[in-house]
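Participant: My structure is stored as final20.pdb, with PDB, N, CA and C atoms, pLDDT in the B column.
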```pdb
ATOM      1  N   MET A   1      31.707   2.258  12.620  1.00 50.00           N
ATOM      2  CA  MET A   1      31.051   2.607  11.369  1.00 50.00           C
ATOM      3  C   MET A   1      31.630   1.836  10.180  1.00 50.00           C
ATOM      4  N   SER A   2      32.841   1.360  10.316  1.00 62.00           N
ATOM      5  CA  SER A   2      33.448   0.682   9.172  1.00 62.00           C
ATOM      6  C   SER A   2      33.428  -0.835   9.319  1.00 62.00           C
ATOM      7  N   SER A   3      32.652  -1.359  10.250  1.00 73.00           N
ATOM      8  CA  SER A   3      32.608  -2.811  10.414  1.00 73.00           C
ATOM      9  C   SER A   3      31.907  -3.453   9.218  1.00 73.00           C
ATOM     10  N   LYS A   4      32.136  -4.764   9.052  1.00 73.00           N
ATOM     11  CA  LYS A   4      31.551  -5.477   7.918  1.00 73.00           C
ATOM     12  C   LYS A   4      30.030  -5.516   8.008  1.00 73.00           C
ATOM     13  N   LYS A   5      29.500  -5.669   9.241  1.00 72.00           N
ATOM     14  CA  LYS A   5      28.049  -5.742   9.407  1.00 72.00           C
ATOM     15  C   LYS A   5      27.396  -4.427   8.984  1.00 72.00           C
ATOM     16  N   PHE A   6      27.970  -3.303   9.406  1.00 74.00           N
ATOM     17  CA  PHE A   6      27.412  -2.010   9.024  1.00 74.00           C
ATOM     18  C   PHE A   6      27.476  -1.816   7.513  1.00 74.00           C
ATOM     19  N   ARG A   7      28.591  -2.224   6.911  1.00 78.00           N
ATOM     20  CA  ARG A   7      28.741  -2.082   5.470  1.00 78.00           C
ATOM     21  C   ARG A   7      27.707  -2.934   4.729  1.00 78.00           C
ATOM     22  N   HIS A   8      27.467  -4.148   5.227  1.00 78.00           N
ATOM     23  CA  HIS A   8      26.479  -5.036   4.600  1.00 78.00           C
ATOM     24  C   HIS A   8      25.069  -4.467   4.755  1.00 78.00           C
ATOM     25  N   ASP A   9      24.734  -3.967   5.959  1.00 82.00           N
ATOM     26  CA  ASP A   9      23.404  -3.387   6.184  1.00 82.00           C
ATOM     27  C   ASP A   9      23.182  -2.172   5.293  1.00 82.00           C
ATOM     28  N   LYS A  10      24.202  -1.335   5.187  1.00 86.00           N
ATOM     29  CA  LYS A  10      24.078  -0.144   4.344  1.00 86.00           C
ATOM     30  C   LYS A  10      23.832  -0.543   2.894  1.00 86.00           C
ATOM     31  N   ARG A  11      24.514  -1.569   2.452  1.00 87.00           N
ATOM     32  CA  ARG A  11      24.338  -2.042   1.074  1.00 87.00           C
ATOM     33  C   ARG A  11      22.926  -2.578   0.856  1.00 87.00           C
ATOM     34  N   VAL A  12      22.390  -3.307   1.826  1.00 87.00           N
ATOM     35  CA  VAL A  12      21.039  -3.864   1.715  1.00 87.00           C
ATOM     36  C   VAL A  12      20.010  -2.744   1.663  1.00 87.00           C
ATOM     37  N   TYR A  13      20.136  -1.767   2.563  1.00 89.00           N
ATOM     38  CA  TYR A  13      19.156  -0.680   2.600  1.00 89.00           C
ATOM     39  C   TYR A  13      19.237   0.199   1.358  1.00 89.00           C
ATOM     40  N   LEU A  14      20.433   0.453   0.874  1.00 90.00           N
ATOM     41  CA  LEU A  14      20.560   1.239  -0.355  1.00 90.00           C
ATOM     42  C   LEU A  14      20.011   0.471  -1.553  1.00 90.00           C
ATOM     43  N   GLY A  15      20.199  -0.837  -1.573  1.00 88.00           N
ATOM     44  CA  GLY A  15      19.642  -1.653  -2.651  1.00 88.00           C
ATOM     45  C   GLY A  15      18.125  -1.699  -2.607  1.00 88.00           C
ATOM     46  N   ALA A  16      17.555  -1.607  -1.404  1.00 90.00           N
ATOM     47  CA  ALA A  16      16.095  -1.646  -1.262  1.00 90.00           C
ATOM     48  C   ALA A  16      15.444  -0.336  -1.688  1.00 90.00           C
ATOM     49  N   LEU A  17      16.210   0.742  -1.763  1.00 91.00           N
ATOM     50  CA  LEU A  17      15.632   2.039  -2.128  1.00 91.00           C
ATOM     51  C   LEU A  17      14.996   2.035  -3.516  1.00 91.00           C
ATOM     52  N   LYS A  18      15.524   1.232  -4.430  1.00 93.00           N
ATOM     53  CA  LYS A  18      14.955   1.241  -5.777  1.00 93.00           C
ATOM     54  C   LYS A  18      13.573   0.599  -5.823  1.00 93.00           C
ATOM     55  N   PHE A  19      13.208  -0.158  -4.774  1.00 91.00           N
ATOM     56  CA  PHE A  19      11.893  -0.791  -4.732  1.00 91.00           C
ATOM     57  C   PHE A  19      10.877  -0.002  -3.912  1.00 91.00           C
ATOM     58  N   VAL A  20      11.274   1.104  -3.313  1.00 93.00           N
ATOM     59  CA  VAL A  20      10.362   1.894  -2.477  1.00 93.00           C
ATOM     60  C   VAL A  20       9.175   2.429  -3.271  1.00 93.00           C
ATOM     61  N   PRO A  21       9.332   2.970  -4.484  1.00 93.00           N
ATOM     62  CA  PRO A  21       8.144   3.433  -5.213  1.00 93.00           C
ATOM     63  C   PRO A  21       7.120   2.323  -5.453  1.00 93.00           C
ATOM     64  N   HIS A  22       7.593   1.124  -5.769  1.00 92.00           N
ATOM     65  CA  HIS A  22       6.667   0.010  -5.987  1.00 92.00           C
ATOM     66  C   HIS A  22       5.980  -0.381  -4.679  1.00 92.00           C
ATOM     67  N   ALA A  23       6.718  -0.370  -3.575  1.00 92.00           N
ATOM     68  CA  ALA A  23       6.135  -0.711  -2.276  1.00 92.00           C
ATOM     69  C   ALA A  23       5.069   0.306  -1.877  1.00 92.00           C
ATOM     70  N   VAL A  24       5.325   1.583  -2.116  1.00 92.00           N
ATOM     71  CA  VAL A  24       4.337   2.621  -1.795  1.00 92.00           C
ATOM     72  C   VAL A  24       3.120   2.487  -2.695  1.00 92.00           C
ATOM     73  N   PHE A  25       3.324   2.190  -3.974  1.00 91.00           N
ATOM     74  CA  PHE A  25       2.203   1.997  -4.890  1.00 91.00           C
ATOM     75  C   PHE A  25       1.315   0.848  -4.436  1.00 91.00           C
ATOM     76  N   LYS A  26       1.921  -0.282  -4.061  1.00 90.00           N
ATOM     77  CA  LYS A  26       1.138  -1.433  -3.604  1.00 90.00           C
ATOM     78  C   LYS A  26       0.401  -1.110  -2.304  1.00 90.00           C
ATOM     79  N   LEU A  27       1.018  -0.305  -1.449  1.00 89.00           N
ATOM     80  CA  LEU A  27       0.358   0.083  -0.201  1.00 89.00           C
ATOM     81  C   LEU A  27      -0.855   0.961  -0.480  1.00 89.00           C
ATOM     82  N   LEU A  28      -0.703   1.944  -1.364  1.00 87.00           N
ATOM     83  CA  LEU A  28      -1.825   2.821  -1.703  1.00 87.00           C
ATOM     84  C   LEU A  28      -2.916   2.075  -2.456  1.00 87.00           C
ATOM     85  N   GLU A  29      -2.526   1.123  -3.283  1.00 86.00           N
ATOM     86  CA  GLU A  29      -3.481   0.346  -4.055  1.00 86.00           C
ATOM     87  C   GLU A  29      -4.374  -0.503  -3.148  1.00 86.00           C
ATOM     88  N   ASN A  30      -3.849  -0.916  -2.011  1.00 87.00           N
ATOM     89  CA  ASN A  30      -4.578  -1.801  -1.111  1.00 87.00           C
ATOM     90  C   ASN A  30      -5.111  -1.093   0.130  1.00 87.00           C
ATOM     91  N   MET A  31      -5.138   0.230   0.105  1.00 86.00           N
ATOM     92  CA  MET A  31      -5.724   0.945   1.245  1.00 86.00           C
ATOM     93  C   MET A  31      -7.212   0.638   1.335  1.00 86.00           C
ATOM     94  N   PRO A  32      -7.750   0.571   2.550  1.00 84.00           N
ATOM     95  CA  PRO A  32      -9.189   0.308   2.666  1.00 84.00           C
ATOM     96  C   PRO A  32     -10.006   1.479   2.125  1.00 84.00           C
ATOM     97  N   MET A  33     -11.124   1.160   1.504  1.00 80.00           N
ATOM     98  CA  MET A  33     -12.030   2.189   1.017  1.00 80.00           C
ATOM     99  C   MET A  33     -12.730   2.849   2.208  1.00 80.00           C
ATOM    100  N   PRO A  34     -13.274   4.038   2.020  1.00 78.00           N
ATOM    101  CA  PRO A  34     -13.905   4.735   3.154  1.00 78.00           C
ATOM    102  C   PRO A  34     -15.042   3.952   3.803  1.00 78.00           C
ATOM    103  N   TRP A  35     -15.683   3.050   3.073  1.00 77.00           N
ATOM    104  CA  TRP A  35     -16.785   2.300   3.661  1.00 77.00           C
ATOM    105  C   TRP A  35     -16.310   1.010   4.327  1.00 77.00           C
ATOM    106  N   GLU A  36     -15.010   0.702   4.257  1.00 83.00           N
ATOM    107  CA  GLU A  36     -14.467  -0.485   4.913  1.00 83.00           C
ATOM    108  C   GLU A  36     -13.840  -0.092   6.249  1.00 83.00           C
ATOM    109  N   GLN A  37     -14.080  -0.874   7.267  1.00 88.00           N
ATOM    110  CA  GLN A  37     -13.464  -0.607   8.565  1.00 88.00           C
ATOM    111  C   GLN A  37     -12.003  -1.059   8.578  1.00 88.00           C
ATOM    112  N   VAL A  38     -11.762  -2.281   8.113  1.00 88.00           N
ATOM    113  CA  VAL A  38     -10.425  -2.877   8.146  1.00 88.00           C
ATOM    114  C   VAL A  38     -10.222  -3.686   6.874  1.00 88.00           C
ATOM    115  N   ARG A  39      -9.003  -3.710   6.387  1.00 87.00           N
ATOM    116  CA  ARG A  39      -8.664  -4.596   5.266  1.00 87.00           C
ATOM    117  C   ARG A  39      -7.407  -5.377   5.648  1.00 87.00           C
ATOM    118  N   ASP A  40      -7.542  -6.681   5.728  1.00 90.00           N
ATOM    119  CA  ASP A  40      -6.402  -7.549   6.018  1.00 90.00           C
ATOM    120  C   ASP A  40      -5.766  -7.973   4.698  1.00 90.00           C
ATOM    121  N   VAL A  41      -4.458  -7.782   4.603  1.00 90.00           N
ATOM    122  CA  VAL A  41      -3.742  -8.138   3.385  1.00 90.00           C
ATOM    123  C   VAL A  41      -2.525  -8.985   3.737  1.00 90.00           C
ATOM    124  N   LYS A  42      -2.052  -9.729   2.758  1.00 92.00           N
ATOM    125  CA  LYS A  42      -0.823 -10.506   2.920  1.00 92.00           C
ATOM    126  C   LYS A  42       0.359  -9.601   2.602  1.00 92.00           C
ATOM    127  N   VAL A  43       1.407  -9.713   3.391  1.00 93.00           N
ATOM    128  CA  VAL A  43       2.598  -8.897   3.161  1.00 93.00           C
ATOM    129  C   VAL A  43       3.802  -9.801   2.951  1.00 93.00           C
ATOM    130  N   LEU A  44       4.799  -9.249   2.295  1.00 92.00           N
ATOM    131  CA  LEU A  44       6.032  -9.958   1.990  1.00 92.00           C
ATOM    132  C   LEU A  44       7.178  -9.150   2.585  1.00 92.00           C
ATOM    133  N   TYR A  45       7.892  -9.741   3.541  1.00 91.00           N
ATOM    134  CA  TYR A  45       9.005  -9.069   4.207  1.00 91.00           C
ATOM    135  C   TYR A  45      10.323  -9.542   3.612  1.00 91.00           C
ATOM    136  N   HIS A  46      11.264  -8.611   3.490  1.00 88.00           N
ATOM    137  CA  HIS A  46      12.618  -9.000   3.119  1.00 88.00           C
ATOM    138  C   HIS A  46      13.265  -9.659   4.334  1.00 88.00           C
ATOM    139  N   ILE A  47      14.172 -10.579   4.115  1.00 86.00           N
ATOM    140  CA  ILE A  47      14.764 -11.338   5.221  1.00 86.00           C
ATOM    141  C   ILE A  47      15.512 -10.426   6.200  1.00 86.00           C
ATOM    142  N   THR A  48      16.049  -9.309   5.718  1.00 84.00           N
ATOM    143  CA  THR A  48      16.754  -8.374   6.595  1.00 84.00           C
ATOM    144  C   THR A  48      15.826  -7.322   7.176  1.00 84.00           C
ATOM    145  N   GLY A  49      14.605  -7.269   6.688  1.00 85.00           N
ATOM    146  CA  GLY A  49      13.679  -6.241   7.157  1.00 85.00           C
ATOM    147  C   GLY A  49      13.867  -4.917   6.450  1.00 85.00           C
ATOM    148  N   ALA A  50      14.600  -4.914   5.356  1.00 88.00           N
ATOM    149  CA  ALA A  50      14.893  -3.669   4.659  1.00 88.00           C
ATOM    150  C   ALA A  50      13.665  -3.092   3.976  1.00 88.00           C
ATOM    151  N   ILE A  51      12.756  -3.939   3.509  1.00 91.00           N
ATOM    152  CA  ILE A  51      11.579  -3.443   2.793  1.00 91.00           C
ATOM    153  C   ILE A  51      10.439  -4.444   2.956  1.00 91.00           C
ATOM    154  N   THR A  52       9.236  -3.936   2.869  1.00 92.00           N
ATOM    155  CA  THR A  52       8.034  -4.758   3.004  1.00 92.00           C
ATOM    156  C   THR A  52       7.099  -4.427   1.858  1.00 92.00           C
ATOM    157  N   PHE A  53       6.539  -5.456   1.224  1.00 92.00           N
ATOM    158  CA  PHE A  53       5.585  -5.282   0.137  1.00 92.00           C
ATOM    159  C   PHE A  53       4.235  -5.833   0.545  1.00 92.00           C
ATOM    160  N   VAL A  54       3.165  -5.189   0.073  1.00 92.00           N
ATOM    161  CA  VAL A  54       1.838  -5.779   0.180  1.00 92.00           C
ATOM    162  C   VAL A  54       1.733  -6.776  -0.958  1.00 92.00           C
ATOM    163  N   ASN A  55       1.481  -8.023  -0.626  1.00 91.00           N
ATOM    164  CA  ASN A  55       1.535  -9.103  -1.608  1.00 91.00           C
ATOM    165  C   ASN A  55       0.121  -9.511  -2.024  1.00 91.00           C
ATOM    166  N   GLU A  56      -0.667  -8.552  -2.452  1.00 88.00           N
ATOM    167  CA  GLU A  56      -2.041  -8.847  -2.819  1.00 88.00           C
ATOM    168  C   GLU A  56      -2.481  -7.910  -3.939  1.00 88.00           C
ATOM    169  N   ILE A  57      -3.349  -8.414  -4.808  1.00 86.00           N
ATOM    170  CA  ILE A  57      -3.907  -7.613  -5.893  1.00 86.00           C
ATOM    171  C   ILE A  57      -5.374  -7.374  -5.573  1.00 86.00           C
ATOM    172  N   PRO A  58      -5.792  -6.109  -5.504  1.00 82.00           N
ATOM    173  CA  PRO A  58      -7.206  -5.870  -5.195  1.00 82.00           C
ATOM    174  C   PRO A  58      -8.087  -6.206  -6.395  1.00 82.00           C
ATOM    175  N   TRP A  59      -9.064  -7.072  -6.184  1.00 82.00           N
ATOM    176  CA  TRP A  59     -10.018  -7.422  -7.230  1.00 82.00           C
ATOM    177  C   TRP A  59     -11.286  -6.621  -6.985  1.00 82.00           C
ATOM    178  N   VAL A  60     -11.646  -5.779  -7.948  1.00 79.00           N
ATOM    179  CA  VAL A  60     -12.773  -4.873  -7.792  1.00 79.00           C
ATOM    180  C   VAL A  60     -13.749  -5.104  -8.935  1.00 79.00           C
ATOM    181  N   VAL A  61     -15.027  -5.217  -8.598  1.00 82.00           N
ATOM    182  CA  VAL A  61     -16.069  -5.263  -9.616  1.00 82.00           C
ATOM    183  C   VAL A  61     -16.398  -3.807  -9.934  1.00 82.00           C
ATOM    184  N   GLU A  62     -16.111  -3.384 -11.146  1.00 82.00           N
ATOM    185  CA  GLU A  62     -16.161  -1.967 -11.509  1.00 82.00           C
ATOM    186  C   GLU A  62     -17.513  -1.304 -11.258  1.00 82.00           C
ATOM    187  N   PRO A  63     -18.649  -1.869 -11.681  1.00 87.00           N
ATOM    188  CA  PRO A  63     -19.926  -1.186 -11.433  1.00 87.00           C
ATOM    189  C   PRO A  63     -20.249  -1.038  -9.943  1.00 87.00           C
ATOM    190  N   ILE A  64     -19.909  -2.045  -9.159  1.00 85.00           N
ATOM    191  CA  ILE A  64     -20.168  -1.949  -7.720  1.00 85.00           C
ATOM    192  C   ILE A  64     -19.263  -0.897  -7.091  1.00 85.00           C
ATOM    193  N   TYR A  65     -18.005  -0.859  -7.514  1.00 81.00           N
ATOM    194  CA  TYR A  65     -17.074   0.138  -7.003  1.00 81.00           C
ATOM    195  C   TYR A  65     -17.555   1.552  -7.322  1.00 81.00           C
ATOM    196  N   MET A  66     -17.970   1.776  -8.572  1.00 85.00           N
ATOM    197  CA  MET A  66     -18.444   3.111  -8.957  1.00 85.00           C
ATOM    198  C   MET A  66     -19.697   3.490  -8.176  1.00 85.00           C
ATOM    199  N   ALA A  67     -20.600   2.542  -7.967  1.00 87.00           N
ATOM    200  CA  ALA A  67     -21.815   2.825  -7.207  1.00 87.00           C
ATOM    201  C   ALA A  67     -21.479   3.193  -5.767  1.00 87.00           C
ATOM    202  N   GLN A  68     -20.530   2.501  -5.163  1.00 83.00           N
ATOM    203  CA  GLN A  68     -20.162   2.799  -3.783  1.00 83.00           C
ATOM    204  C   GLN A  68     -19.468   4.151  -3.675  1.00 83.00           C
ATOM    205  N   VAL A  69     -18.578   4.449  -4.613  1.00 82.00           N
ATOM    206  CA  VAL A  69     -17.889   5.737  -4.587  1.00 82.00           C
ATOM    207  C   VAL A  69     -18.879   6.875  -4.801  1.00 82.00           C
ATOM    208  N   CYS A  70     -19.796   6.723  -5.755  1.00 84.00           N
ATOM    209  CA  CYS A  70     -20.781   7.775  -6.022  1.00 84.00           C
ATOM    210  C   CYS A  70     -21.712   7.972  -4.836  1.00 84.00           C
ATOM    211  N   SER A  71     -22.138   6.876  -4.210  1.00 84.00           N
ATOM    212  CA  SER A  71     -23.026   7.022  -3.056  1.00 84.00           C
ATOM    213  C   SER A  71     -22.308   7.677  -1.888  1.00 84.00           C
ATOM    214  N   LEU A  72     -20.982   7.592  -1.851  1.00 81.00           N
ATOM    215  CA  LEU A  72     -20.224   8.233  -0.789  1.00 81.00           C
ATOM    216  C   LEU A  72     -19.965   9.705  -1.087  1.00 81.00           C
ATOM    217  N   PHE A  73     -19.606  10.037  -2.328  1.00 83.00           N
ATOM    218  CA  PHE A  73     -19.174  11.385  -2.642  1.00 83.00           C
ATOM    219  C   PHE A  73     -20.282  12.318  -3.116  1.00 83.00           C
ATOM    220  N   LEU A  74     -21.388  11.810  -3.626  1.00 81.00           N
ATOM    221  CA  LEU A  74     -22.468  12.705  -4.043  1.00 81.00           C
ATOM    222  C   LEU A  74     -23.028  13.524  -2.885  1.00 81.00           C
ATOM    223  N   PRO A  75     -23.275  12.942  -1.724  1.00 80.00           N
ATOM    224  CA  PRO A  75     -23.722  13.785  -0.609  1.00 80.00           C
ATOM    225  C   PRO A  75     -22.682  14.813  -0.178  1.00 80.00           C
ATOM    226  N   LEU A  76     -21.409  14.529  -0.409  1.00 78.00           N
ATOM    227  CA  LEU A  76     -20.382  15.502  -0.059  1.00 78.00           C
ATOM    228  C   LEU A  76     -20.357  16.668  -1.044  1.00 78.00           C
ATOM    229  N   CYS A  77     -20.637  16.392  -2.314  1.00 81.00           N
ATOM    230  CA  CYS A  77     -20.618  17.444  -3.333  1.00 81.00           C
ATOM    231  C   CYS A  77     -21.877  18.302  -3.286  1.00 81.00           C
ATOM    232  N   PHE A  78     -23.009  17.691  -3.007  1.00 79.00           N
ATOM    233  CA  PHE A  78     -24.293  18.395  -2.982  1.00 79.00           C
ATOM    234  C   PHE A  78     -24.960  18.172  -1.624  1.00 79.00           C
ATOM    235  N   PRO A  79     -24.500  18.867  -0.594  1.00 73.00           N
ATOM    236  CA  PRO A  79     -24.995  18.558   0.753  1.00 73.00           C
ATOM    237  C   PRO A  79     -26.434  19.000   1.012  1.00 73.00           C
ATOM    238  N   PHE A  80     -26.973  19.957   0.251  1.00 67.00           N
ATOM    239  CA  PHE A  80     -28.297  20.495   0.561  1.00 67.00           C
ATOM    240  C   PHE A  80     -29.386  19.962  -0.352  1.00 67.00           C
ATOM    241  N   GLU A  81     -29.071  19.072  -1.239  1.00 59.00           N
ATOM    242  CA  GLU A  81     -30.092  18.571  -2.161  1.00 59.00           C
ATOM    243  C   GLU A  81     -30.634  17.251  -1.717  1.00 59.00           C
TER     244      GLU A  81
END
```
Render the structure in this file as structure tokens.
Facilitator:
Amino acid sequence: MSSKKFRHDKRVYLGALKFVPHAVFKLLENMPMPWEQVRDVKVLYHITGAITFVNEIPWVVEPIYMAQVCSLFLPLCFPFE
């Protein structure tokens, strides 16, 4: 437990903890929409494997996005109309 390699790994993983909220945010930001089957994204790995980031910015056309979301959720809100 006190070897140099373990000490170095522990330091890397503890240092990566401060970036976890940003990594989770980027992951949630790039989740596929309900009407998409799969979304391929570019990822960025740390050399030690301590943390992984989604390295992509989702570009969304706002009116099309709103139309797709509304067409998906309106039948869920008003199922009998």
Participant: With only C-alpha atoms as the basis for distance, which of A:Glu62, A:Leu74, A:Pro79, A:Glu56 is at the shortest distance from A:Met31?
Facilitator: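 Using only C-alpha atoms, A:Met31 sits closest to A:Glu56.
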Participant: Go ahead and compute the interatomic distance for atom C of A:Ala16 and atom C of A:Met33, in Å to one decimal.
Facilitator: 28.6 Å
Participant: As an exercise, work out the distance from atom N of A:Tyr65 to atom C of A:Asn30 in Å and give it to one decimal place.
Facilitator: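 According to the coordinates, atom N of A:Tyr65 and atom C of A:Asn30 are separated by 15.0 Å.
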Participant: Return as JSON, numbers by chain the set of residues that the PyMOL selection byres ((chain A and resi 43) around 7) yields on the displayed structure.
Facilitator: {"A": [41, 42, 44, 45, 52, 53, 54, 55, 56]}
Participant: If you measure from atom N of A:Ile57 to atom N of A:Val38, what distance in Å do you get, rounded to one decimal?
Facilitator: 16.6 Å
Participant: From the set A:Val69, A:Leu14, A:Ala50, A:Leu76, which residue has the shortest atom-to-atom contact distance to A:Glu36, counting only C-alpha atoms?
Facilitator: A:Val69
